Each structure stands twice: as C-alpha cells, then as structure tokens.
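*Asks:* I'd like to ask some things about the structure below.
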Amino acid sequence: MIDHGVTDGERLCNYLHHGVLGTRVWNDLVEALRPTGRAEDLVEFYRQIGAVTLTQRIVKAGTTFADVGLDDPQFKIQFKAYLREIVGISPTILDTVYRFSERAVSAAKENFTKGIQRHMRDWAELRHPNCYMCGRSIDFASKDSDLSYTCEHVWPRSYGGNSDVDNLLPACFQCNNDIKSDFTTWVMPPIHSFVLGIGPSEENLSRVPRHFKFALHYRAAQHLSSEKRQSLKKSFLQLGPWKQTTICQNDDVVDFFNLQNVTQN
C-alpha cells in the first residue's frame, strides 16, 4: 500500500487505509473471495481503491473550502464539519484525520517553484534523459511533441502530492498526459474489465493498452516500495522503464493479475 510515501497526500491515504478502513473486514473478504483464485489480489484492489477514493474526496473538498485561505478560521470549521458529518469520521480520530487532510490540501495548493523546475530539468538532461515509464528518449528541445519533456508528480498534486524532488520524475508528454494522467495508483484504470483468455498470441500481448502496462508498472513499484521500505520514486528508478508485457501463468486465463512487465533493470 502507501506505507512509505514521502508526500502529504500519501500519508493521508496511508492513515485512511490503516486507521479508518481497518483490517478485520478485509481478512473476512479474502476468505469470501477464495473461490475466485484471485482473493488476495482483489482485496488489495478493493481496499486500495477505497483509500484512494476517500483521499480524493477529502482533498478536493478541502481545496474548495480553502478558497477563503488555509489560515481563515472558517476553513477549519467547514472542513472539520465535512469530515465529521459527510465523510463520517469518528470523533475519536477526527483531529488526526484533519491534521493529515489539512497538510494534503496545503500540498495540493503548493506552488511548483521555478527553482525546483530548473533543478529537475537539469537533472533529467544530465542523469535521466528517458521517460521513467516507457523508456523513450525525451525531446528537450520541443514543447509540442509526444516526447516533449514534462516533470511528472509520482503522487499527483491534486491528491496532495508535494511539488518537491522526492515526488518528481521526468516523463514524456504522452505518458504523463495520455497514460498516467491523474492516476494515483495502479488501481485507477479499469483493470477489472481486462481479460484476454488462455494463451493469447504475442501479437495480442503487444496490443495491451499502455494504461494497463502503466498500472502493472506502478503495482510493481508499489510492492518494491513496501518490500524495501523506500519511496515510490526510488522504486521506479530501481525498476527502470518497462520493455514488454508477459504472462505469469500460461495455463490460466490472462487477466490483469496474470500479467507482468519485464523492466529494463
């Protein structure tokens, strides 16, 4: 999950995941879904989509209330009332959820400084001139091509992602805008609708839509982040871009959970 996030939005999502959504009911759901053969995968998906969706609602509401200013007493009054009365946060954890939420809202409204933009562009040109997702060479000269340079928030700013170097990676325009878009984690694309059947041809595998390949890549990075107790950015850099998509278990139907990306590192 989002256990080792470096942004305020990730920390909010992590608290909602563990402190609000709980654990026991998900353990029961694993057993209920055991006949599907995808029990752990599906519960991971359902639990994470719950935490991410709640994070989005809270941050979007908070940025609306913040029109009066984060320091205005009305912001705190309205935002707390929303968390308590609309979201249904328990009074026992309301202050904690508010603190995480207020920081995430502040991050969502944070300015992307020119200094950080210059630093990231210089670093990309010298150290990482390829898109961290697809691996293609970035076009630093053009501003209107699919390969034009963009500075991508790993955890989106609209979900409370801070605009600092620990949450930024170089990406081509196409991956950032058409594939990554505003996806927060691998659960955002409609992965439940993706089924190819048993033994699809190499040609069919090559046609797997790129937003599913991105989701596979993000899931691998998230698992590595949890395993190594490190940030998503570090995990993406350690994995490298994806090269191709392969089947995990050849005698089973190929769905999202029976695919993996082969990465460059």
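Chain labels follow the order of the structure tokens: the first chain is A, the next B, and so on; residue numbering restarts at 1 in every chain, and ligands are counted from 1 in their shown order.
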Quick one: residues within 12 Å of Asn250 in chain A, only C-alpha atoms, excluding same-chain residues fewer than 4 positions away - as a short mmCIF file (atom, residue, chain, number, x, y, z; two decimals) with C-alpha atoms, in the first residue's frame?
*Replies:*
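This is the output file result.cif:
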data_model
loop_
_atom_site.label_atom_id
_atom_site.label_comp_id
_atom_site.auth_asym_id
_atom_site.auth_seq_id
_atom_site.Cartn_x
_atom_site.Cartn_y
_atom_site.Cartn_z
CA LEU A 196 -7.67 -11.87 -22.87
CA GLY A 197 -8.35 -15.59 -22.42
CA ILE A 198 -5.92 -18.51 -22.27
CA GLY A 199 -2.76 -18.44 -24.40
CA PRO A 200 -3.11 -15.13 -26.24
CA SER A 201 -0.72 -14.63 -29.14
CA THR A 246 4.49 -11.22 -20.34
CA VAL A 254 -4.87 -13.85 -18.88
CA ASP A 255 -6.32 -11.00 -16.86
CA ASN A 258 -1.84 -12.77 -14.66
CA LEU A 259 0.46 -10.29 -16.38
#
*Asks:* Can you tell me which residues surround range 26-42 of chain A at a distance of at most 12 Å, considering only C-alpha atoms, apart from same-chain residues fewer than 6 positions away, and format the answer as a PyMOL selection string?
*Replies:* chain A and resi 17-18+48-50+187+191-192+219+252-253+255-258
*Asks:* Give the answer as one residue: which of A:His119, A:His128, A:Arg229, A:Lys80 has the shortest atom-to-atom distance to Val165 in chain A, using only C-alpha atoms?
*Replies:*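 The shortest atom-to-atom distance to Val165 in chain A comes from A:His119.
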*Asks:* Name the residues of range 43-164 of chain A that fall into strand (DSSP E or B) according to DSSP on the backbone, using the chain letters and numbers of this document, as a VMD selection string.
*Replies:* chain A and resid 130 137 139 148 to 153
*Asks:* Would you export the selected residues with C-alpha atoms as a short mmCIF file (atom, residue, chain, number, x, y, z; two decimals), in the first residue's frame, please?
*Replies:*
data_model
loop_
_atom_site.label_atom_id
_atom_site.label_comp_id
_atom_site.auth_asym_id
_atom_site.auth_seq_id
_atom_site.Cartn_x
_atom_site.Cartn_y
_atom_site.Cartn_z
CA ASN A 130 14.43 8.98 -20.72
CA SER A 137 14.29 9.36 -25.16
CA ASP A 139 12.79 15.57 -26.57
CA SER A 148 8.43 16.56 -25.08
CA TYR A 149 9.84 16.82 -21.55
CA THR A 150 7.43 17.04 -18.63
CA CYS A 151 8.12 16.97 -14.91
CA GLU A 152 5.71 14.37 -13.54
CA HIS A 153 4.34 14.14 -10.00
#
*Asks:* For the interface of range 158-255 of chain A with range 104-111 of chain A (cut-off 8 Å, counting only C-alpha atoms), please tabulate each contacting residue of range 158-255 of chain A alongside its nearest pair of atoms and their separation in Å to one decimal, rows sorted by chain and increasing number, as JSON lines.
*Replies:*
{"residue": "A:Ser158", "atom": "CA", "partner": "A:Ala108", "partner_atom": "CA", "distance": 5.2}
{"residue": "A:Tyr159", "atom": "CA", "partner": "A:Ala108", "partner_atom": "CA", "distance": 6.5}
{"residue": "A:Gly160", "atom": "CA", "partner": "A:Ala104", "partner_atom": "CA", "distance": 4.2}
{"residue": "A:Gly161", "atom": "CA", "partner": "A:Ala107", "partner_atom": "CA", "distance": 6.0}
{"residue": "A:Asn162", "atom": "CA", "partner": "A:Ala107", "partner_atom": "CA", "distance": 5.0}
{"residue": "A:Ser163", "atom": "CA", "partner": "A:Glu110", "partner_atom": "CA", "distance": 7.0}
*Asks:* Among range 5-143 of chain A, which residues does DSSP mark as alpha helix (DSSP H) when it is run on the backbone? Keep the chain and numbering as in the structure and answer as a compact mmCIF listing (two decimals) with N, CA and C atoms, in the first residue's frame.
*Replies:*
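Done, and the output landed in result-v4.txt:
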# COMPACT_ATOMS: atom_id res chain seq x y z
N ASP A 8 2.48 14.45 1.51
CA ASP A 8 1.38 14.60 2.47
C ASP A 8 0.14 13.85 2.01
N GLY A 9 -0.08 13.77 0.71
CA GLY A 9 -1.22 13.02 0.19
C GLY A 9 -1.08 11.53 0.45
N GLU A 10 0.13 10.99 0.28
CA GLU A 10 0.37 9.58 0.56
C GLU A 10 0.18 9.28 2.05
N ARG A 11 0.64 10.19 2.89
CA ARG A 11 0.49 9.97 4.33
C ARG A 11 -0.98 9.98 4.74
N LEU A 12 -1.77 10.86 4.14
CA LEU A 12 -3.20 10.86 4.40
C LEU A 12 -3.81 9.55 3.93
N CYS A 13 -3.49 9.12 2.72
CA CYS A 13 -4.04 7.88 2.18
C CYS A 13 -3.65 6.69 3.04
N ASN A 14 -2.42 6.67 3.50
CA ASN A 14 -1.95 5.57 4.35
C ASN A 14 -2.72 5.53 5.67
N TYR A 15 -2.97 6.72 6.26
CA TYR A 15 -3.73 6.73 7.52
C TYR A 15 -5.17 6.28 7.29
N ARG A 24 -9.93 -6.10 9.92
CA ARG A 24 -10.65 -7.35 10.12
C ARG A 24 -11.60 -7.68 8.98
N VAL A 25 -12.36 -6.70 8.52
CA VAL A 25 -13.34 -6.96 7.47
C VAL A 25 -12.67 -7.41 6.18
N TRP A 26 -11.46 -6.91 5.91
CA TRP A 26 -10.75 -7.30 4.70
C TRP A 26 -10.26 -8.73 4.80
N ASN A 27 -9.85 -9.15 6.00
CA ASN A 27 -9.45 -10.54 6.19
C ASN A 27 -10.62 -11.48 5.92
N ASP A 28 -11.82 -11.07 6.36
CA ASP A 28 -13.02 -11.87 6.10
C ASP A 28 -13.31 -11.93 4.61
N LEU A 29 -13.08 -10.81 3.91
CA LEU A 29 -13.36 -10.77 2.48
C LEU A 29 -12.41 -11.66 1.69
N VAL A 30 -11.17 -11.78 2.15
CA VAL A 30 -10.23 -12.70 1.50
C VAL A 30 -10.81 -14.11 1.46
N GLU A 31 -11.36 -14.55 2.59
CA GLU A 31 -11.93 -15.90 2.64
C GLU A 31 -13.18 -16.00 1.78
N ALA A 32 -13.99 -14.96 1.75
CA ALA A 32 -15.20 -14.99 0.93
C ALA A 32 -14.87 -15.07 -0.56
N ALA A 39 -8.19 -14.00 -4.67
CA ALA A 39 -8.68 -13.40 -3.43
C ALA A 39 -7.78 -12.28 -2.93
N GLU A 40 -6.50 -12.56 -2.74
CA GLU A 40 -5.59 -11.54 -2.19
C GLU A 40 -5.46 -10.35 -3.14
N ASP A 41 -5.37 -10.63 -4.45
CA ASP A 41 -5.25 -9.55 -5.43
C ASP A 41 -6.48 -8.65 -5.42
N LEU A 42 -7.67 -9.27 -5.38
CA LEU A 42 -8.90 -8.48 -5.41
C LEU A 42 -9.07 -7.65 -4.15
N VAL A 43 -8.74 -8.23 -2.99
CA VAL A 43 -8.87 -7.47 -1.75
C VAL A 43 -7.87 -6.32 -1.72
N GLU A 44 -6.67 -6.55 -2.22
CA GLU A 44 -5.70 -5.46 -2.33
C GLU A 44 -6.27 -4.34 -3.20
N PHE A 45 -6.91 -4.73 -4.31
CA PHE A 45 -7.52 -3.75 -5.21
C PHE A 45 -8.65 -3.00 -4.52
N TYR A 46 -9.60 -3.73 -3.89
CA TYR A 46 -10.76 -3.08 -3.27
C TYR A 46 -10.34 -2.15 -2.13
N ARG A 47 -9.41 -2.62 -1.32
CA ARG A 47 -9.01 -1.82 -0.16
C ARG A 47 -8.29 -0.56 -0.59
N GLN A 48 -7.44 -0.71 -1.60
CA GLN A 48 -6.69 0.46 -2.04
C GLN A 48 -7.58 1.47 -2.77
N ILE A 49 -8.52 0.98 -3.57
CA ILE A 49 -9.40 1.91 -4.27
C ILE A 49 -10.27 2.65 -3.26
N GLY A 50 -10.62 1.99 -2.16
CA GLY A 50 -11.37 2.67 -1.11
C GLY A 50 -10.58 3.80 -0.48
N ALA A 51 -9.31 3.53 -0.16
CA ALA A 51 -8.47 4.54 0.47
C ALA A 51 -8.18 5.70 -0.49
N VAL A 52 -7.91 5.37 -1.75
CA VAL A 52 -7.58 6.40 -2.74
C VAL A 52 -8.79 7.28 -3.04
N THR A 53 -9.95 6.64 -3.19
CA THR A 53 -11.17 7.40 -3.47
C THR A 53 -11.50 8.35 -2.32
N LEU A 54 -11.35 7.86 -1.09
CA LEU A 54 -11.61 8.71 0.07
C LEU A 54 -10.61 9.85 0.15
N THR A 55 -9.36 9.56 -0.16
CA THR A 55 -8.33 10.60 -0.20
C THR A 55 -8.71 11.69 -1.19
N GLN A 56 -9.14 11.27 -2.37
CA GLN A 56 -9.51 12.24 -3.40
C GLN A 56 -10.67 13.12 -2.94
N ARG A 57 -11.70 12.51 -2.38
CA ARG A 57 -12.85 13.28 -1.91
C ARG A 57 -12.44 14.31 -0.87
N ILE A 58 -11.61 13.89 0.07
CA ILE A 58 -11.21 14.78 1.16
C ILE A 58 -10.37 15.94 0.63
N VAL A 59 -9.40 15.64 -0.22
CA VAL A 59 -8.53 16.70 -0.74
C VAL A 59 -9.31 17.66 -1.62
N LYS A 60 -10.19 17.13 -2.46
CA LYS A 60 -10.99 18.01 -3.33
C LYS A 60 -11.91 18.91 -2.50
N ALA A 61 -12.53 18.35 -1.46
CA ALA A 61 -13.38 19.15 -0.59
C ALA A 61 -12.56 20.22 0.12
N GLY A 62 -11.40 19.81 0.62
CA GLY A 62 -10.55 20.76 1.35
C GLY A 62 -10.07 21.90 0.49
N THR A 63 -9.71 21.61 -0.78
CA THR A 63 -9.26 22.70 -1.65
C THR A 63 -10.40 23.66 -1.96
N THR A 64 -11.63 23.16 -1.96
CA THR A 64 -12.79 24.04 -2.15
C THR A 64 -12.96 24.97 -0.95
N PHE A 65 -12.91 24.39 0.25
CA PHE A 65 -13.04 25.20 1.46
C PHE A 65 -11.88 26.18 1.61
N PRO A 73 -10.22 30.96 9.96
CA PRO A 73 -10.92 30.06 10.88
C PRO A 73 -12.08 29.31 10.22
N GLN A 74 -12.71 29.92 9.22
CA GLN A 74 -13.83 29.27 8.54
C GLN A 74 -13.41 28.00 7.82
N PHE A 75 -12.16 27.99 7.34
CA PHE A 75 -11.67 26.78 6.66
C PHE A 75 -11.71 25.59 7.61
N LYS A 76 -11.17 25.74 8.80
CA LYS A 76 -11.14 24.65 9.76
C LYS A 76 -12.55 24.22 10.16
N ILE A 77 -13.41 25.20 10.38
CA ILE A 77 -14.79 24.88 10.78
C ILE A 77 -15.50 24.09 9.69
N GLN A 78 -15.43 24.55 8.45
CA GLN A 78 -16.12 23.88 7.35
C GLN A 78 -15.51 22.51 7.04
N PHE A 79 -14.19 22.45 7.06
CA PHE A 79 -13.52 21.20 6.71
C PHE A 79 -13.77 20.14 7.77
N LYS A 80 -13.69 20.50 9.02
CA LYS A 80 -13.96 19.53 10.09
C LYS A 80 -15.40 19.05 10.04
N ALA A 81 -16.32 19.98 9.76
CA ALA A 81 -17.74 19.60 9.67
C ALA A 81 -17.94 18.61 8.53
N LEU A 94 -11.05 12.30 14.65
CA LEU A 94 -11.33 13.45 13.79
C LEU A 94 -10.14 14.41 13.73
N ASP A 95 -9.56 14.73 14.88
CA ASP A 95 -8.44 15.68 14.89
C ASP A 95 -7.25 15.14 14.10
N THR A 96 -6.99 13.84 14.21
CA THR A 96 -5.87 13.23 13.49
C THR A 96 -6.12 13.27 11.98
N VAL A 97 -7.32 12.88 11.57
CA VAL A 97 -7.65 12.91 10.15
C VAL A 97 -7.58 14.34 9.63
N TYR A 98 -8.05 15.29 10.42
CA TYR A 98 -7.99 16.69 10.00
C TYR A 98 -6.55 17.14 9.77
N ARG A 99 -5.64 16.78 10.67
CA ARG A 99 -4.24 17.20 10.53
C ARG A 99 -3.63 16.64 9.23
N PHE A 100 -3.84 15.35 8.99
CA PHE A 100 -3.33 14.76 7.74
C PHE A 100 -3.98 15.43 6.53
N SER A 101 -5.28 15.69 6.63
CA SER A 101 -6.02 16.25 5.50
C SER A 101 -5.60 17.67 5.21
N GLU A 102 -5.41 18.47 6.25
CA GLU A 102 -5.02 19.87 6.06
C GLU A 102 -3.66 19.96 5.38
N ARG A 103 -2.74 19.08 5.75
CA ARG A 103 -1.41 19.08 5.10
C ARG A 103 -1.52 18.67 3.64
N ALA A 104 -2.39 17.69 3.35
CA ALA A 104 -2.56 17.25 1.97
C ALA A 104 -3.18 18.35 1.11
N VAL A 105 -4.12 19.09 1.68
CA VAL A 105 -4.74 20.21 0.96
C VAL A 105 -3.70 21.30 0.71
N SER A 106 -2.87 21.57 1.69
CA SER A 106 -1.81 22.56 1.52
C SER A 106 -0.86 22.15 0.40
N ALA A 107 -0.53 20.85 0.34
CA ALA A 107 0.36 20.35 -0.72
C ALA A 107 -0.29 20.49 -2.09
N ALA A 108 -1.61 20.24 -2.16
CA ALA A 108 -2.34 20.35 -3.43
C ALA A 108 -2.34 21.78 -3.95
N LYS A 114 9.99 27.74 -9.58
CA LYS A 114 10.87 27.73 -10.75
C LYS A 114 12.21 27.07 -10.43
N GLY A 115 12.65 27.21 -9.17
CA GLY A 115 13.91 26.59 -8.78
C GLY A 115 13.85 25.07 -8.88
N ILE A 116 12.78 24.49 -8.40
CA ILE A 116 12.62 23.03 -8.48
C ILE A 116 12.46 22.60 -9.93
N GLN A 117 11.72 23.38 -10.71
CA GLN A 117 11.55 23.04 -12.12
C GLN A 117 12.89 23.04 -12.84
N ARG A 118 13.73 24.05 -12.58
CA ARG A 118 15.06 24.10 -13.21
C ARG A 118 15.92 22.93 -12.75
N HIS A 119 15.88 22.65 -11.45
CA HIS A 119 16.68 21.54 -10.90
C HIS A 119 16.30 20.23 -11.57
N MET A 120 15.01 19.95 -11.69
CA MET A 120 14.55 18.68 -12.25
C MET A 120 14.90 18.58 -13.74
N ARG A 121 14.77 19.68 -14.46
CA ARG A 121 15.09 19.64 -15.89
C ARG A 121 16.59 19.40 -16.08
N ASP A 122 17.42 20.10 -15.31
CA ASP A 122 18.87 19.91 -15.40
C ASP A 122 19.25 18.48 -15.06
N TRP A 123 18.65 17.94 -14.00
CA TRP A 123 18.92 16.56 -13.58
C TRP A 123 18.50 15.57 -14.66
N ALA A 124 17.33 15.81 -15.26
CA ALA A 124 16.84 14.91 -16.30
C ALA A 124 17.77 14.91 -17.51
N GLU A 125 18.18 16.09 -17.95
CA GLU A 125 19.04 16.18 -19.13
C GLU A 125 20.38 15.50 -18.90
N LEU A 126 20.93 15.64 -17.69
CA LEU A 126 22.25 15.08 -17.39
C LEU A 126 22.23 13.63 -16.92
N ARG A 127 21.19 13.27 -16.15
CA ARG A 127 21.21 11.98 -15.47
C ARG A 127 20.11 11.02 -15.91
*Asks:* Would you list the contacts of Cys134 in chain A as a PyMOL selection string, taking every protein, DNA or RNA residue within 8 Å and counting only C-alpha atoms, but skipping same-chain residues closer than 2 positions in sequence?
*Replies:* chain A and resi 131-132+136+175+241-243
*Asks:* May I have the residues within 6 Å of Ser231 in chain A as number ranges by chain, using only C-alpha atoms and disregarding those fewer than 5 positions away in the same chain?
*Replies:* A: 4-5, 225
*Asks:* Looking at A:Val154, A:Cys172, A:Leu224, A:Leu216, which one is nearest to Thr7 in chain A, with distances taken over only C-alpha atoms?
*Replies:*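 For Thr7 in chain A, the nearest of the given residues is A:Val154.
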*Asks:* Ranking A:Asn177, A:Gln222, A:Asn261, A:Ser145 by minimum distance to Ser206 in chain A and counting only C-alpha atoms, which one comes first?
*Replies:*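 Comparing A:Asn177, A:Gln222, A:Asn261, A:Ser145 against Ser206 in chain A, the winner is A:Asn261.
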*Asks:* Given only C-alpha atoms as the basis, pick out the residue of A:Gly88, A:Val195, A:Thr185, A:Phe173 nearest to His217 in chain A.
*Replies:*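 The closest residue to His217 in chain A is A:Thr185.
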